[in-house]
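Source file: work.txt. Holds: compact mmCIF, C-alpha atoms.
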# COMPACT_ATOMS: atom_id res chain seq x y z
CA MET A 1 -3.15 -4.93 19.25
CA ILE A 2 0.00 -4.12 17.34
CA LYS A 3 1.81 -7.15 18.80
CA SER A 4 -0.76 -9.51 17.31
CA THR A 5 -0.56 -7.78 13.92
CA LEU A 6 1.81 -8.53 11.04
CA PHE A 7 2.50 -5.71 8.59
CA ILE A 8 3.52 -6.94 5.14
CA SER A 9 4.87 -4.52 2.56
CA LEU A 10 4.43 -5.47 -1.10
CA GLY A 11 6.75 -3.73 -3.56
CA GLY A 12 9.06 -0.74 -3.23
CA CYS A 13 6.57 1.93 -2.09
CA GLY A 14 5.09 -0.28 0.61
CA ALA A 15 8.59 -1.18 1.82
CA LYS A 16 9.51 2.47 2.40
CA LEU A 17 6.32 3.03 4.38
CA LEU A 18 6.82 -0.09 6.49
CA ASN A 19 10.41 0.93 7.16
CA GLU A 20 9.12 4.29 8.41
CA LEU A 21 6.51 2.57 10.60
CA ILE A 22 9.21 0.46 12.26
CA ASP A 23 11.19 3.67 12.89
CA ILE A 24 8.15 5.09 14.69
CA ASN A 25 7.33 1.89 16.58
CA PRO A 26 10.19 -0.66 16.72
CA SER A 27 7.94 -3.20 18.48
CA ILE A 28 5.81 -3.91 15.42
CA ASN A 29 6.15 -7.10 13.40
CA GLY A 30 6.99 -6.32 9.77
CA VAL A 31 8.01 -8.28 6.68
CA PHE A 32 9.21 -6.93 3.33
CA VAL A 33 8.13 -8.65 0.11
CA ASN A 34 9.43 -7.62 -3.30
CA SER A 35 10.62 -8.94 -6.64
CA ASN A 36 13.67 -6.65 -6.39
CA ILE A 37 15.89 -7.60 -3.45
CA ASN A 38 18.28 -4.71 -4.16
CA GLU A 39 15.46 -2.28 -3.37
CA MET A 40 14.99 -3.98 -0.01
CA ARG A 41 18.71 -3.88 0.83
CA LYS A 42 18.55 -0.06 0.98
CA LEU A 43 16.09 -0.17 3.91
CA SER A 44 17.45 0.40 7.41
CA HIS A 45 15.20 -2.31 8.89
CA PHE A 46 15.79 -4.93 6.21
CA ASP A 47 17.66 -7.75 7.96
CA ILE A 48 18.84 -10.59 5.77
CA GLU A 49 20.01 -12.59 8.80
CA SER A 50 16.67 -12.52 10.62
CA GLY A 51 14.88 -13.32 7.36
CA ASN A 52 12.26 -10.54 7.67
CA TYR A 53 11.69 -10.58 3.92
CA LEU A 54 10.47 -12.63 0.99
CA ALA A 55 12.27 -12.18 -2.32
CA ILE A 56 10.20 -13.20 -5.33
CA ASN A 57 12.14 -14.25 -8.42
CA GLY A 58 12.16 -11.46 -10.95
CA LYS A 59 13.86 -8.25 -12.04
CA GLY A 60 11.05 -5.82 -11.32
CA THR A 61 7.73 -5.41 -13.09
CA ALA A 62 8.02 -2.00 -14.85
CA ARG A 63 4.58 -1.14 -13.38
CA GLN A 64 2.96 -4.09 -15.14
CA ARG A 65 0.47 -5.75 -12.76
CA GLN A 66 0.36 -8.91 -14.90
CA LYS A 67 4.13 -9.38 -14.54
CA SER A 68 3.68 -9.43 -10.78
CA MET A 69 1.07 -12.17 -11.04
CA ALA A 70 3.30 -14.17 -13.39
CA SER A 71 6.30 -13.96 -11.04
CA LEU A 72 4.15 -15.03 -8.09
CA GLU A 73 2.83 -17.96 -10.11
CA LYS A 74 6.42 -19.18 -10.59
CA ASP A 75 7.15 -18.78 -6.87
CA LYS A 76 3.77 -19.84 -5.49
CA LEU A 77 5.23 -22.60 -3.31
CA LYS A 78 7.62 -20.11 -1.72
CA VAL A 79 4.71 -17.72 -1.09
CA MET A 80 2.60 -20.50 0.46
CA GLU A 81 5.46 -21.61 2.71
CA PHE A 82 6.05 -18.01 3.80
CA ILE A 83 2.39 -17.52 4.78
CA ASN A 84 2.12 -20.99 6.31
CA ASN A 85 4.97 -20.11 8.70
CA THR A 86 2.86 -17.24 10.10
CA VAL A 87 -0.40 -19.20 10.50
CA GLY A 88 -1.64 -19.09 14.09
CA ASN A 89 0.80 -16.36 15.12
CA TYR A 90 -1.25 -13.29 14.20
CA ASN A 91 -4.85 -12.14 14.39
CA THR A 92 -4.42 -9.41 11.79
CA TYR A 93 -2.41 -9.01 8.59
CA VAL A 94 -1.95 -5.53 7.12
CA LEU A 95 -0.83 -5.31 3.47
CA ILE A 96 0.87 -2.04 2.45
CA PHE A 97 1.46 -1.26 -1.25
CA SER A 98 1.10 1.33 -4.00
CA CYS A 99 -2.08 0.96 -6.05
CA ASP A 100 -0.42 2.41 -9.16
CA GLY A 101 2.70 0.25 -9.16
CA GLY A 102 3.46 -3.16 -10.58
CA PHE A 103 4.46 -5.71 -7.97
CA GLY A 104 2.51 -4.36 -5.00
CA SER A 105 -0.61 -3.54 -6.98
CA GLY A 106 -0.57 -6.91 -8.72
CA SER A 107 0.31 -9.16 -5.78
CA PHE A 108 -2.12 -8.15 -3.02
CA PRO A 109 -5.09 -10.19 -4.35
CA LEU A 110 -3.07 -13.42 -4.21
CA PHE A 111 -1.67 -12.64 -0.74
CA SER A 112 -5.11 -11.73 0.61
CA LYS A 113 -6.66 -14.97 -0.61
CA ALA A 114 -3.71 -17.14 0.45
CA ILE A 115 -3.63 -15.68 3.98
CA LYS A 116 -7.37 -16.20 4.50
CA ASN A 117 -7.46 -19.69 2.96
CA LEU A 118 -4.38 -21.08 4.72
CA ASN A 119 -5.55 -19.80 8.12
CA LYS A 120 -9.02 -21.25 7.56
CA ARG A 121 -7.53 -24.64 6.74
CA ALA A 122 -5.66 -24.49 10.05
CA GLY A 123 -8.88 -23.66 11.91
CA TYR A 124 -8.37 -19.89 12.32
CA ASP A 125 -11.57 -18.45 10.88
CA ASP A 126 -11.44 -15.00 12.49
CA ILE A 127 -8.22 -13.80 10.83
CA ALA A 128 -8.42 -10.27 9.39
CA VAL A 129 -6.63 -8.97 6.30
CA ASN A 130 -6.51 -5.17 6.09
CA ILE A 131 -5.37 -3.02 3.18
CA ILE A 132 -3.36 0.22 3.12
CA GLY A 133 -3.15 1.30 -0.51
CA VAL A 134 -1.27 4.34 -1.80
CA PHE A 135 -3.09 6.40 -4.44
CA PRO A 136 -0.88 8.41 -6.84
CA LYS A 137 -1.19 12.08 -7.65
CA ILE A 138 -4.24 12.80 -9.77
CA ASN A 139 -2.09 14.13 -12.64
CA SER A 140 -0.13 10.88 -12.99
CA ARG A 141 0.55 9.02 -16.22
CA LYS A 142 -1.98 6.80 -17.93
CA LEU A 143 -0.53 3.47 -16.71
CA ASN A 144 -0.41 4.68 -13.09
CA LEU A 145 -4.07 5.72 -13.19
CA GLN A 146 -5.10 2.54 -14.97
CA ASN A 147 -3.32 0.37 -12.37
CA THR A 148 -4.98 2.37 -9.58
CA ILE A 149 -8.51 1.90 -10.91
CA GLU A 150 -7.88 -1.83 -11.48
CA ALA A 151 -6.47 -2.20 -7.96
CA TYR A 152 -9.46 -0.36 -6.47
CA ASN A 153 -11.90 -2.66 -8.28
CA ASP A 154 -9.97 -5.69 -7.01
CA ILE A 155 -10.18 -4.36 -3.45
CA VAL A 156 -13.95 -3.86 -3.70
CA ASP A 157 -14.37 -7.41 -5.06
CA LEU A 158 -12.13 -8.92 -2.36
CA ASN A 159 -13.98 -7.03 0.36
CA THR A 160 -17.34 -8.24 -0.99
CA GLN A 161 -16.07 -11.83 -1.10
CA GLY A 162 -14.71 -11.65 2.45
CA PHE A 163 -11.00 -11.94 1.60
CA ILE A 164 -10.19 -8.51 3.05
CA ASN A 165 -11.66 -6.64 5.99
CA SER A 166 -10.85 -2.95 6.28
CA TYR A 167 -9.15 -0.79 3.67
CA GLN A 168 -7.88 2.77 3.51
CA PHE A 169 -6.11 4.83 0.84
CA ILE A 170 -3.16 7.19 1.31
CA ASN A 171 -3.55 10.36 -0.76
CA ASN A 172 -0.24 11.28 -2.44
CA ASP A 173 -1.73 14.57 -3.62
CA ARG A 174 -1.15 15.71 -0.04
CA MET A 175 2.57 15.04 -0.34
CA GLU A 176 5.02 17.93 -0.60
CA ASP A 177 8.11 16.54 1.11
CA ILE A 178 8.21 12.74 0.80
CA ASN A 179 10.07 12.07 4.07
CA GLU A 180 7.80 14.30 6.16
CA PHE A 181 4.71 12.92 4.43
CA ASN A 182 5.67 9.26 4.96
CA LYS A 183 6.37 9.94 8.62
CA SER A 184 3.05 11.73 9.11
CA VAL A 185 1.09 8.98 7.33
CA MET A 186 2.65 6.16 9.31
CA GLU A 187 2.13 8.02 12.58
CA ASP A 188 -1.58 7.95 11.70
CA ILE A 189 -1.39 4.21 10.97
CA ASN A 190 0.42 3.61 14.25
CA SER A 191 -2.35 5.54 16.04
CA CYS A 192 -4.96 3.31 14.35
CA TYR A 193 -3.50 0.09 15.64
CA ASN A 194 -2.50 1.44 19.07
CA ILE A 195 -5.76 3.13 20.00
CA GLU A 196 -6.44 0.80 22.94
CA ASN A 197 -5.76 1.99 26.48
CA ILE A 198 -7.80 0.92 29.54
CA GLU A 199 -11.51 1.11 28.79
CA LEU A 200 -10.90 0.73 25.05
CA ASP A 201 -9.02 -2.57 25.18
CA THR A 202 -7.30 -4.76 22.57
CA ASN A 203 -10.47 -6.61 21.60
CA ASP A 204 -12.27 -3.30 21.10
CA SER A 205 -9.43 -2.04 18.93
CA MET A 206 -9.52 -5.20 16.83
CA ALA A 207 -13.28 -4.90 16.38
CA ILE A 208 -12.92 -1.37 15.00
CA ASN A 209 -9.75 -1.84 12.94
CA ASN A 210 -10.89 -5.13 11.42
CA CYS A 211 -14.54 -4.46 10.66
CA SER A 212 -15.51 -4.72 7.01
CA GLY A 213 -15.41 -1.55 4.91
CA TYR A 214 -13.51 1.69 4.54
CA LYS A 215 -11.53 2.98 7.54
CA VAL A 216 -10.97 6.60 8.58
CA VAL A 217 -8.62 7.98 11.24
CA LEU A 218 -8.87 11.60 12.38
CA ASN A 219 -6.16 13.24 14.50
CA LEU A 220 -7.60 16.30 16.22
CA ASP A 221 -5.46 19.35 17.02
CA TYR A 222 -6.52 20.77 20.37
CA ASP A 223 -4.02 23.66 20.56
CA SER A 224 -5.26 25.24 17.32
CA PHE A 225 -8.95 25.00 18.22
CA ASP A 226 -9.01 25.24 22.03
CA GLY A 227 -11.69 22.64 22.58
CA GLU A 228 -13.93 23.58 19.63
CA LEU A 229 -14.58 19.98 18.56
CA GLN A 230 -16.52 20.55 15.33
CA ASP A 231 -13.86 22.92 14.00
CA ALA A 232 -11.14 20.42 14.88
CA ILE A 233 -13.02 17.56 13.16
CA SER A 234 -13.61 19.66 10.05
CA TYR A 235 -9.94 20.68 9.87
CA ALA A 236 -8.78 17.08 10.39
CA GLN A 237 -10.90 16.01 7.42
CA GLN A 238 -9.65 18.82 5.19
CA THR A 239 -5.99 18.11 5.93
CA SER A 240 -6.14 14.30 6.12
CA ASN A 241 -3.32 12.29 4.54
CA PHE A 242 -5.95 9.81 3.31
CA LEU A 243 -8.71 9.79 0.74
CA LEU A 244 -11.93 10.40 2.66
CA PRO A 245 -15.59 9.92 1.81
CA GLN A 246 -17.34 13.19 1.02
CA ASN A 247 -19.64 12.52 3.98
CA ILE A 248 -18.14 10.57 6.89
CA GLY A 249 -21.33 10.84 8.89
CA TYR A 250 -22.04 7.10 8.74
CA ALA A 251 -19.91 4.27 10.17
CA THR A 252 -20.59 0.84 11.64
CA HIS A 253 -17.83 1.10 14.30
CA ILE A 254 -16.17 3.97 16.15
CA GLY A 255 -13.37 4.29 18.69
CA ILE A 256 -12.66 7.61 20.42
CA SER A 257 -9.61 8.25 22.57
CA PHE A 258 -9.00 11.80 23.79
CA ILE A 259 -6.64 13.48 26.20
CA GLU A 260 -8.76 14.12 29.28
CA ASP A 261 -10.10 17.69 29.66
CA GLU A 262 -9.40 18.59 26.01
CA PHE A 263 -12.31 17.44 23.80
CA ASP A 264 -15.68 16.07 24.88
CA ILE A 265 -15.86 12.34 24.03
CA TYR A 266 -19.65 12.19 23.99
CA GLU A 267 -20.01 15.25 21.79
CA ALA A 268 -17.67 13.48 19.34
CA LEU A 269 -19.81 10.34 19.47
CA ASP A 270 -22.93 12.39 18.69
CA SER A 271 -21.20 13.82 15.61
CA PHE A 272 -21.40 10.50 13.75
CA ASN A 273 -24.14 8.04 12.91
CA VAL A 274 -22.74 4.75 14.24
CA SER A 275 -24.87 1.65 13.76
CA GLU A 276 -23.14 -1.23 15.56
CA PHE A 277 -20.26 -0.56 17.96
CA ASP A 278 -18.72 2.32 19.89
CA LYS A 279 -16.08 2.55 22.59
CA GLU A 280 -14.57 5.59 24.26
CA ASP A 281 -11.47 6.12 26.39
CA TYR A 282 -8.85 8.64 27.54
CA ASN A 283 -5.08 8.67 26.97
CA ASN A 284 -2.09 10.92 27.62
CA GLU A 285 -0.81 11.46 24.07
CA ASN A 286 -3.30 12.41 21.34
CA ASN A 287 -6.90 12.93 20.29
CA ILE A 288 -7.98 10.16 17.91
CA ILE A 289 -11.27 9.26 16.26
CA LEU A 290 -11.17 5.90 14.47
CA LEU A 291 -14.11 5.01 12.23
CA GLY A 292 -14.67 1.60 10.64
CA GLY A 293 -17.23 0.43 8.11
CA CYS A 294 -17.52 3.82 6.42
CA ASN A 295 -18.62 4.37 2.86
CA PRO A 296 -15.68 4.33 0.40
CA PRO A 297 -14.36 7.62 -1.03
CA ILE A 298 -16.43 7.24 -4.22
CA GLU A 299 -16.16 10.91 -5.24
CA ALA A 300 -12.36 10.73 -5.13
CA ILE A 301 -12.33 7.49 -7.14
CA LYS A 302 -14.47 9.17 -9.80
CA GLU A 303 -11.87 11.94 -10.09
CA TYR A 304 -9.21 9.34 -10.91
CA GLU A 305 -11.53 7.71 -13.44
CA GLU A 306 -12.17 11.10 -15.07
CA ALA A 307 -8.42 11.83 -15.19
CA LEU A 308 -7.83 8.50 -16.95
CA LEU A 309 -10.74 9.10 -19.33
CA ASN A 310 -9.34 12.53 -20.18
CA ILE A 311 -5.97 11.00 -21.11
CA ASN A 312 -7.67 8.35 -23.25
CA ASN A 313 -9.72 10.98 -25.06
CA ASN A 314 -6.81 13.38 -25.54
CA PRO A 315 -3.72 11.29 -26.23
CA ILE A 316 -0.41 13.10 -26.73
CA LYS A 317 0.52 12.72 -30.38
CA GLU A 318 4.09 11.90 -31.29
CA GLN A 319 5.80 14.83 -33.00
CA VAL A 320 7.70 13.95 -36.17
CA TYR A 321 10.69 16.11 -37.06
CA LYS A 322 12.43 15.97 -40.41
CA SER A 323 15.72 17.80 -40.82
CA ASP A 324 16.52 19.86 -43.92
CA ILE A 325 20.18 18.89 -43.70
CA THR A 326 21.29 16.36 -46.30
CA VAL A 327 23.77 13.84 -44.97
CA LYS A 328 26.09 12.33 -47.54
CA LYS A 329 25.87 8.57 -47.25
CA LYS A 330 29.00 6.49 -47.22
CA PRO A 331 29.21 3.75 -49.84
CA VAL A 332 28.28 0.36 -48.47
CA LYS A 333 31.19 -2.06 -48.57
CA LYS A 334 30.26 -5.32 -50.21
CA ALA A 335 30.54 -8.37 -48.03
CA GLU A 336 33.42 -10.69 -48.81
CA THR A 337 32.29 -14.02 -50.13
CA ASN A 338 35.51 -15.91 -49.50
CA LYS A 339 35.53 -15.72 -45.66
CA LYS A 340 36.67 -18.87 -43.89
CA GLN A 341 33.85 -20.96 -42.34
CA LEU A 342 34.62 -21.87 -38.72
CA THR A 343 34.93 -25.58 -38.08
CA LYS A 344 34.25 -27.46 -34.83
CA ASN A 345 38.00 -27.54 -34.21
CA ASP A 346 38.16 -23.75 -34.60
CA LEU A 347 35.36 -23.27 -32.03
CA ARG A 348 37.07 -25.67 -29.63
CA ASP A 349 40.32 -23.72 -29.97
CA MET A 350 38.45 -20.45 -29.24
CA LEU A 351 36.95 -21.92 -26.03
CA ASP A 352 40.41 -23.10 -24.97
CA ASP A 353 41.73 -19.55 -25.46
CA LEU A 354 38.88 -17.99 -23.45
CA TRP A 355 39.25 -20.36 -20.52

C-alpha cells encoding of this file:
Amino acid sequence: MIKSTLFISLGGCGAKLLNELIDINPSINGVFVNSNINEMRKLSHFDIESGNYLAINGKGTARQRQKSMASLEKDKLKVMEFINNTVGNYNTYVLIFSCDGGFGSGSFPLFSKAIKNLNKRAGYDDIAVNIIGVFPKINSRKLNLQNTIEAYNDIVDLNTQGFINSYQFINNDRMEDINEFNKSVMEDINSCYNIENIELDTNDSMAINNCSGYKVVLNLDYDSFDGELQDAISYAQQTSNFLLPQNIGYATHIGISFIEDEFDIYEALDSFNVSEFDKEDYNNENNIILLGGCNPPIEAIKEYEEALLNINNNPIKEQVYKSDITVKKKPVKKAETNKKQLTKNDLRDMLDDLW
C-alpha cells in the first residue's frame, strides 16, 4: 500500500518525522511543506532539484496557528496547484504535523479539505486523508497546550464531516532521546502501512488503515513473553509511542500479522470486539496488530485540557524588582534649533555617494 500513499509533512516537526520515515523505507513517496525553507534545507531527503517540497511564503509562524492560515491564504493558488498535480496518483494521503506548533497545526484543515475536494472534482471519491499528529509533553507551555486542544477539536470536526479518515497521535511524553524516539515511532508507522503480505493484501490494508476513526498499532515482543499473548498485548499498550484509548477493546477493523509459530492469530482476534472487518496473515519480520475505527483517547485529551485549565487558573505573575542603587542621571543636552534642513539636492547627492 505504501506505493499508493503520499506522506506530506506540514511544518518543522512533521518534516523531521517524514525524513526519518524515508530513512527507514526509501521507497515511500514523501513531500515536505513548510513556511520556512531553511528548516527544510537541513533535511537529508530534502531535494530542491526533484521538487519534493512546497515552500509557503512566510518567515515562520511563532506557534501562531492563525499566522499559518494567513500565509496559506496568500499562497492558496500555489497550494491548489501542488495538490492538483497529485490528483489521481495516490489512493491515500497522510499528513504529519505537530498539534502544538504553528504552521503544521494551522495548515492541516485546509490541506485536508483541498485534497478531498480536488480529488472529488476529478472523479476520485474514494481518496483517504489520514492524520498523524504529534502531542506535546503534558507539562508544556500554555500556547502549546492551547494549540493542541484546538487542533484536536479541528480533527474531530473534520472526521465527522468526512474530510479525514483515520487519525492517530504520537505521545511525546514517551520521548527520552529524540533521535531514538523518532526512529521508533516511524518504524511503527511504516509497519501500519506495510502490513499486507499474502492473505492480508493491499486492499485489506487500505480498508484497515483508511477506515474512519482513531487508529492503533501494537507491536508485540515475542522474546520477552514467550508466546504469552495477553501479557505481550498489555505491555505493548503500556509502552506505546502513541496516545491510546483507555479501553481498546472495541474497533471496527482489525488486521493481524504474526510471525508463524510465535503468537496465536485467532486468540488475538478474540481479544478485541471487532464489528465490521478482520483479516489475518503471517510474515517473517514482526508481530503486528492494527486496529481501525477505535474510540479516541478521550482520557488523555482530558489530561491536556486539565493541564491548560491549571495554567489559566494559576498564571505565573511577573516579579517586579526595584534596585536601591541611585544612578546619577546625566544632564540632557538641548537639541540645536539651527540645524540645516536637507533639501532635495542634498538627498540626491547622498544617493549618488551611496551608489

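Residue nearest Phe163 in chain A within the list A:Leu220, A:Ala114, A:Ala122, A:Ala232: A:Ala114 [criterion: smallest interatomic distance, only C-alpha atoms].
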
For this session: Can you work out the spacing between CA of Val87 in chain A and CA of Gly30 in chain A in Å, to one decimal?
Result: 14.9 Å

For this session: Would you list the residues near (-2.5, -0.9, 1.9) (no more than 12 Å away, in the coordinates of the file, using all atoms listed in the file) as a PyMOL selection string?
Result: chain A and resi 7-11+13-15+17-18+93-100+104-105+107-109+112+129-135+151-152+155+164-171+185-186+189+214-215+242

For this session: Counting all atoms listed in the file, figure out which residue out of A:Asn190, A:Asn57, A:Gln246, A:Gln230 gets nearest to Asp23 in chain A.
Result: A:Asn190

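Taking CA of Ser140 in chain A as the reference point, CA of Gly106 in chain A is found at 18.3 Å.
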
For this session: Determine the nearest neighbour of Val156 in chain A from the options A:Asn85, A:Met69, A:Ala128, A:Gly213, counting only C-alpha atoms.
Result: A:Gly213

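Neighbours of Ile288 in chain A closer than or equal to 10 Å, with all atoms listed in the file counted and sequence neighbours fewer than 4 positions away skipped, come out as A:Asp188, A:Ser191, A:Cys192, A:Ile195, A:Val217, A:Leu218, A:Asn219, A:Leu220, A:Asp221, A:Gly255, A:Ile256, A:Ser257, A:Phe258, A:Ile259, A:Tyr282, A:Asn283.
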
For this session: Point out the residue among A:Ile265, A:Val79, A:Ser68, A:Leu6 with the least atom-to-atom distance to Ser27 in chain A, counting only C-alpha atoms.
Result: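 Among A:Ile265, A:Val79, A:Ser68, A:Leu6, it is A:Leu6 that comes nearest to Ser27 in chain A.
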
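Using only C-alpha atoms for every distance, the candidate list A:Gly123, A:Leu229, A:Leu110, A:Thr92 yields A:Leu229 as the residue closest to Leu269 in chain A.
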
Enclosing box along x, y and z for every listed atom of range 35-49 of chain A, padded 4 Å each side, centre and size in Å, one decimal, as lines of an AutoDock Vina configuration file:
center_x = 15.3
center_y = -6.1
center_z = 1.1
size_x = 17.4
size_y = 21.0
size_z = 23.5

Problem set entry | Near-Lys3 in chain A list (9 Å; only C-alpha atoms; drop same-chain fewer than 5 positions) as a ChimeraX atom specification | /A:27-29,90

Please produce a file of the residues just selected, as a compact mmCIF listing (two decimals), in the frame of the given file, where the atoms kept are C-alpha atoms.
# COMPACT_ATOMS: atom_id res chain seq x y z
CA SER A 27 7.94 -3.20 18.48
CA ILE A 28 5.81 -3.91 15.42
CA ASN A 29 6.15 -7.10 13.40
CA TYR A 90 -1.25 -13.29 14.20

For this session: Using all atoms listed in the file, pick whichever of A:Arg65, A:Gly249, A:Lys42, A:Glu180 has the shortest atom-to-atom distance to Asp154 in chain A.
Result: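 Under the stated criterion, the closest residue is A:Arg65.
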
For this session: Please measure the separation of CA of Ile289 in chain A and CA of Glu303 in chain A, giving the value in Å to one decimal.
Result: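 Straight-line distance from CA of Ile289 in chain A to CA of Glu303 in chain A works out to 26.5 Å.
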